[in-house]
>>> print(open('upload11.tsv').read())   # TSV, C-alpha atoms
chain	number	residue	atom	x	y	z
V	1385	MET	CA	3.77	-5.75	-6.73
V	1386	GLU	CA	3.10	-8.83	-8.72
V	1387	GLY	CA	3.36	-12.47	-7.72
V	1388	PRO	CA	5.25	-14.95	-9.90
V	1389	GLN	CA	2.13	-16.95	-10.84
V	1390	THR	CA	-1.39	-16.22	-12.04
V	1391	LEU	CA	-4.07	-16.89	-9.44
V	1392	SER	CA	-6.10	-20.04	-9.98
V	1393	PRO	CA	-9.87	-19.62	-10.36
V	1394	GLY	CA	-11.88	-19.49	-7.14
V	1395	LYS	CA	-11.72	-17.63	-3.84
V	1396	HIS	CA	-8.40	-16.42	-2.46
V	1397	VAL	CA	-7.24	-14.31	0.45
V	1398	LEU	CA	-4.80	-11.62	-0.67
V	1399	GLU	CA	-2.76	-9.71	1.90
V	1400	PHE	CA	-0.27	-6.90	1.60
V	1401	ASP	CA	1.83	-6.23	4.68
V	1402	PHE	CA	4.04	-3.15	4.75
V	1403	LYS	CA	6.58	-2.52	7.50
V	1404	TYR	CA	7.59	1.14	7.50
V	1405	ASP	CA	11.21	2.01	8.33
V	1406	GLY	CA	10.44	5.43	9.82
V	1407	LEU	CA	8.61	6.75	12.87
V	1408	GLY	CA	5.79	8.35	10.88
V	1409	ILE	CA	4.21	11.77	10.76
V	1410	GLY	CA	4.20	12.02	14.57
V	1411	THR	CA	7.77	13.35	14.44
V	1412	LEU	CA	6.36	16.64	13.06
V	1413	ALA	CA	4.99	17.33	16.55
V	1414	PHE	CA	8.63	17.61	17.62
V	1415	ASN	CA	9.52	19.93	14.69
V	1416	ASN	CA	11.35	17.04	13.03
V	1417	VAL	CA	10.71	15.58	9.55
V	1418	SER	CA	12.82	12.46	10.11
V	1419	GLY	CA	9.79	10.17	10.35
V	1420	ILE	CA	8.22	10.89	6.95
V	1421	GLY	CA	9.00	9.63	3.47
V	1422	ARG	CA	11.09	6.67	4.66
V	1423	GLY	CA	11.10	3.34	2.90
V	1424	GLY	CA	9.94	-0.04	4.05
V	1425	THR	CA	9.39	-3.65	3.10
V	1426	GLY	CA	6.23	-4.95	1.43
V	1427	VAL	CA	5.14	-8.58	1.49
V	1428	LEU	CA	2.39	-9.87	-0.83
V	1429	LYS	CA	0.66	-13.01	0.46
V	1430	VAL	CA	-1.79	-15.34	-1.25
V	1431	ASP	CA	-3.81	-17.63	1.01
V	1432	GLY	CA	-1.38	-17.01	3.88
V	1433	GLN	CA	1.79	-17.76	1.89
V	1434	ALA	CA	4.28	-15.01	1.01
V	1435	VAL	CA	4.71	-14.92	-2.76
V	1436	VAL	CA	6.88	-11.82	-3.13
V	1437	THR	CA	8.80	-9.48	-0.82
V	1438	GLN	CA	10.00	-6.11	-2.05
V	1439	GLN	CA	11.96	-3.27	-0.46
V	1440	MET	CA	10.74	0.26	-1.21
V	1441	GLU	CA	13.38	2.99	-0.93
V	1442	ARG	CA	10.93	5.72	0.09
V	1443	THR	CA	7.24	6.46	0.48
V	1444	ILE	CA	5.06	9.49	-0.22
V	1445	PRO	CA	5.97	11.91	2.58
V	1446	LEU	CA	2.71	13.72	3.29
V	1447	LEU	CA	-0.16	13.91	0.79
V	1448	LEU	CA	-1.23	12.31	-2.46
V	1449	GLN	CA	-2.08	14.40	-5.50
V	1450	TRP	CA	-5.78	15.40	-5.50
V	1451	ASP	CA	-6.61	13.02	-8.37
V	1452	GLU	CA	-4.93	10.02	-6.72
V	1453	ASN	CA	-6.80	8.04	-4.14
V	1454	PHE	CA	-7.30	4.65	-2.58
V	1455	ASP	CA	-9.31	2.90	-5.27
V	1456	VAL	CA	-10.87	-0.48	-4.56
V	1457	GLY	CA	-11.95	-2.39	-7.63
V	1458	ALA	CA	-10.93	0.34	-10.05
V	1459	ASP	CA	-8.12	2.73	-10.85
V	1460	THR	CA	-9.31	6.10	-12.02
V	1461	GLY	CA	-6.08	8.00	-11.38
V	1462	THR	CA	-2.61	7.59	-12.81
V	1463	PRO	CA	-1.16	4.07	-13.25
V	1464	VAL	CA	2.27	3.39	-11.82
V	1465	ASP	CA	3.37	2.18	-15.27
V	1466	ASP	CA	1.44	3.05	-18.44
V	1467	GLY	CA	2.68	-0.25	-19.89
V	1468	ASP	CA	0.71	-2.23	-17.29
V	1469	TYR	CA	-2.75	-0.81	-17.99
V	1470	GLN	CA	-4.61	2.33	-18.98
V	1471	VAL	CA	-7.12	4.14	-16.79
V	1472	PRO	CA	-9.95	3.88	-16.13
V	1473	PHE	CA	-9.13	0.28	-15.17
V	1474	ARG	CA	-11.93	-1.77	-13.64
V	1475	PHE	CA	-11.57	-4.99	-11.69
V	1476	THR	CA	-14.04	-7.51	-13.14
V	1477	GLY	CA	-13.95	-10.05	-10.31
V	1478	LYS	CA	-15.78	-9.93	-7.01
V	1479	LEU	CA	-14.38	-8.60	-3.74
V	1480	ASN	CA	-16.13	-10.25	-0.79
V	1481	LYS	CA	-14.31	-8.35	1.93
V	1482	LEU	CA	-11.70	-5.65	2.37
V	1483	THR	CA	-9.92	-5.10	5.68
V	1484	LEU	CA	-7.45	-2.30	6.39
V	1485	THR	CA	-5.31	-2.41	9.50
V	1486	ILE	CA	-3.13	0.59	10.24
V	1487	ASP	CA	-0.57	0.27	13.01
V	1488	ARG	CA	0.81	3.75	13.57
V	1489	PRO	CA	4.25	4.01	15.17
V	1490	LYS	CA	4.25	5.08	18.81
V	1491	LEU	CA	6.72	7.76	19.82
V	1492	SER	CA	6.10	7.23	23.52
V	1493	PRO	CA	3.78	5.05	25.67
V	1494	ARG	CA	1.42	8.06	26.01
V	1495	THR	CA	0.83	8.72	22.28
>>> encode(input="upload11.tsv", output="structure tokens")
Amino acid sequence: MEGPQTLSPGKHVLEFDFKYDGLGIGTLAFNNVSGIGRGGTGVLKVDGQAVVTQQMERTIPLLLQWDENFDVGADTGTPVDDGDYQVPFRFTGKLNKLTLTIDRPKLSPRT
């Protein structure tokens, strides 16, 4: 995702919020694959303001390829679009803090 404007110099708070449309991998416990690979809606925020919202038709159902990973400050795997950048791609700014919050879907009050 890309916002419509270049960030101004200085500190910013960037957020990405993704609301998944499915029930998640927990449905496999019930011998059902209906919860995996669904789409969702992503919202990119800069300093608390939504700058772009995008619907994703589907997500990766189970596992990433071994050479893909969650890179912070660099991309050493495969870019989404070779026209955007070539790997290895290094972020040259400074990250002061990274917070991940994962809210897994609940299939029942006991899970």
>>> residues_near_point(input="upload11.tsv", point="(11.2, 8.2, -0.1)", cutoff="10 Å", atoms="all atoms listed in the file", output="PyMOL selection string")
chain V and resi 1420-1424+1440-1445
>>> residues_around(input="upload11.tsv", residues="Val1417 of chain V", least_positions_apart="6", cutoff="10 Å", atoms="all atoms listed in the file", output="list of chain:residue names")
V:Leu1407, V:Gly1408, V:Ile1409, V:Gly1410, V:Thr1411, V:Pro1445
>>> closest_residue(input="upload11.tsv", among="V:Gln1470, V:Thr1462, V:Thr1476, V:Thr1437", to="Pro1388 of chain V", atoms="all atoms listed in the file")
V:Thr1437
>>> axis_aligned_box(input="upload11.tsv", around="segment 1388-1402 of chain V", padding_each_side="6 Å", output="AutoDock Vina command-line options")
--center_x -3.3 --center_y -11.6 --center_z -3.6 --size_x 29.1 --size_y 28.9 --size_z 28.8
>>> closest_residue(input="upload11.tsv", among="V:Arg1488, V:Gly1461, V:Leu1446, V:Met1385", to="Val1427 of chain V", atoms="all atoms listed in the file")
V:Met1385
>>> closest_residue(input="upload11.tsv", among="V:Thr1425, V:Thr1390, V:Gln1438, V:Asn1480", to="Asp1405 of chain V", atoms="all atoms listed in the file")
V:Thr1425
>>> residues_around(input="upload11.tsv", residues="Glu1386 of chain V", least_positions_apart="5", cutoff="12 Å", atoms="all atoms listed in the file", output="number ranges by chain")
V: 1391, 1398, 1400, 1426-1430, 1434-1438, 1468
>>> atom_distance(input="upload11.tsv", atom1="atom CA of Phe1473 of chain V", atom2="atom CA of Val1456 of chain V")
10.8 Å
>>> closest_residue(input="upload11.tsv", among="V:Thr1460, V:Gln1433, V:Asn1415, V:Gln1439", to="Lys1403 of chain V", atoms="all atoms listed in the file")
V:Gln1439
>>> atom_distance(input="upload11.tsv", atom1="atom CA of Asp1431 of chain V", atom2="atom CA of Thr1485 of chain V")
17.5 Å
>>> atom_distance(input="upload11.tsv", atom1="atom CA of Tyr1469 of chain V", atom2="atom CA of Gln1389 of chain V")
18.3 Å
>>> build_atoms(input="upload11.tsv", residues="segment 1417-1438 of chain V", atoms="N, CA and C atoms", output="PDB file, in the frame of the given file")
ATOM      1  N   VAL V1417      11.287  16.273  10.709  1.00  0.00           N
ATOM      2  CA  VAL V1417      10.710  15.580   9.550  1.00  0.00           C
ATOM      3  C   VAL V1417      11.328  14.191   9.333  1.00  0.00           C
ATOM      4  N   SER V1418      12.096  13.711  10.298  1.00  0.00           N
ATOM      5  CA  SER V1418      12.820  12.460  10.110  1.00  0.00           C
ATOM      6  C   SER V1418      11.918  11.235   9.957  1.00  0.00           C
ATOM      7  N   GLY V1419      10.662  11.331  10.387  1.00  0.00           N
ATOM      8  CA  GLY V1419       9.790  10.170  10.350  1.00  0.00           C
ATOM      9  C   GLY V1419       9.000   9.989   9.067  1.00  0.00           C
ATOM     10  N   ILE V1420       9.064  10.958   8.146  1.00  0.00           N
ATOM     11  CA  ILE V1420       8.220  10.890   6.950  1.00  0.00           C
ATOM     12  C   ILE V1420       9.029  10.594   5.697  1.00  0.00           C
ATOM     13  N   GLY V1421       8.379   9.918   4.756  1.00  0.00           N
ATOM     14  CA  GLY V1421       9.000   9.630   3.470  1.00  0.00           C
ATOM     15  C   GLY V1421      10.018   8.505   3.481  1.00  0.00           C
ATOM     16  N   ARG V1422      10.140   7.789   4.569  1.00  0.00           N
ATOM     17  CA  ARG V1422      11.090   6.670   4.660  1.00  0.00           C
ATOM     18  C   ARG V1422      10.608   5.502   3.811  1.00  0.00           C
ATOM     19  N   GLY V1423      11.442   4.535   3.652  1.00  0.00           N
ATOM     20  CA  GLY V1423      11.100   3.340   2.900  1.00  0.00           C
ATOM     21  C   GLY V1423      10.495   2.279   3.794  1.00  0.00           C
ATOM     22  N   GLY V1424      10.478   1.072   3.282  1.00  0.00           N
ATOM     23  CA  GLY V1424       9.940  -0.040   4.050  1.00  0.00           C
ATOM     24  C   GLY V1424       9.970  -1.307   3.224  1.00  0.00           C
ATOM     25  N   THR V1425       9.418  -2.361   3.778  1.00  0.00           N
ATOM     26  CA  THR V1425       9.390  -3.650   3.100  1.00  0.00           C
ATOM     27  C   THR V1425       7.947  -4.100   2.952  1.00  0.00           C
ATOM     28  N   GLY V1426       7.571  -4.454   1.727  1.00  0.00           N
ATOM     29  CA  GLY V1426       6.230  -4.950   1.430  1.00  0.00           C
ATOM     30  C   GLY V1426       6.255  -6.446   1.181  1.00  0.00           C
ATOM     31  N   VAL V1427       5.267  -7.141   1.707  1.00  0.00           N
ATOM     32  CA  VAL V1427       5.140  -8.580   1.490  1.00  0.00           C
ATOM     33  C   VAL V1427       3.732  -8.834   0.940  1.00  0.00           C
ATOM     34  N   LEU V1428       3.655  -9.467  -0.226  1.00  0.00           N
ATOM     35  CA  LEU V1428       2.390  -9.870  -0.830  1.00  0.00           C
ATOM     36  C   LEU V1428       2.159 -11.333  -0.503  1.00  0.00           C
ATOM     37  N   LYS V1429       0.987 -11.635   0.079  1.00  0.00           N
ATOM     38  CA  LYS V1429       0.660 -13.010   0.460  1.00  0.00           C
ATOM     39  C   LYS V1429      -0.603 -13.452  -0.283  1.00  0.00           C
ATOM     40  N   VAL V1430      -0.618 -14.720  -0.661  1.00  0.00           N
ATOM     41  CA  VAL V1430      -1.790 -15.340  -1.250  1.00  0.00           C
ATOM     42  C   VAL V1430      -2.143 -16.549  -0.392  1.00  0.00           C
ATOM     43  N   ASP V1431      -3.341 -16.539   0.144  1.00  0.00           N
ATOM     44  CA  ASP V1431      -3.810 -17.630   1.010  1.00  0.00           C
ATOM     45  C   ASP V1431      -2.829 -17.941   2.133  1.00  0.00           C
ATOM     46  N   GLY V1432      -2.274 -16.873   2.733  1.00  0.00           N
ATOM     47  CA  GLY V1432      -1.380 -17.010   3.880  1.00  0.00           C
ATOM     48  C   GLY V1432       0.073 -17.272   3.555  1.00  0.00           C
ATOM     49  N   GLN V1433       0.401 -17.468   2.291  1.00  0.00           N
ATOM     50  CA  GLN V1433       1.790 -17.760   1.890  1.00  0.00           C
ATOM     51  C   GLN V1433       2.401 -16.546   1.198  1.00  0.00           C
ATOM     52  N   ALA V1434       3.578 -16.119   1.651  1.00  0.00           N
ATOM     53  CA  ALA V1434       4.280 -15.010   1.010  1.00  0.00           C
ATOM     54  C   ALA V1434       4.704 -15.432  -0.389  1.00  0.00           C
ATOM     55  N   VAL V1435       4.334 -14.603  -1.380  1.00  0.00           N
ATOM     56  CA  VAL V1435       4.710 -14.920  -2.760  1.00  0.00           C
ATOM     57  C   VAL V1435       5.758 -13.954  -3.303  1.00  0.00           C
ATOM     58  N   VAL V1436       5.845 -12.775  -2.713  1.00  0.00           N
ATOM     59  CA  VAL V1436       6.880 -11.820  -3.130  1.00  0.00           C
ATOM     60  C   VAL V1436       7.125 -10.831  -1.991  1.00  0.00           C
ATOM     61  N   THR V1437       8.386 -10.480  -1.800  1.00  0.00           N
ATOM     62  CA  THR V1437       8.800  -9.480  -0.820  1.00  0.00           C
ATOM     63  C   THR V1437       9.611  -8.431  -1.573  1.00  0.00           C
ATOM     64  N   GLN V1438       9.316  -7.173  -1.312  1.00  0.00           N
ATOM     65  CA  GLN V1438      10.000  -6.110  -2.050  1.00  0.00           C
ATOM     66  C   GLN V1438      10.307  -4.932  -1.130  1.00  0.00           C
TER      67      GLN V1438
END
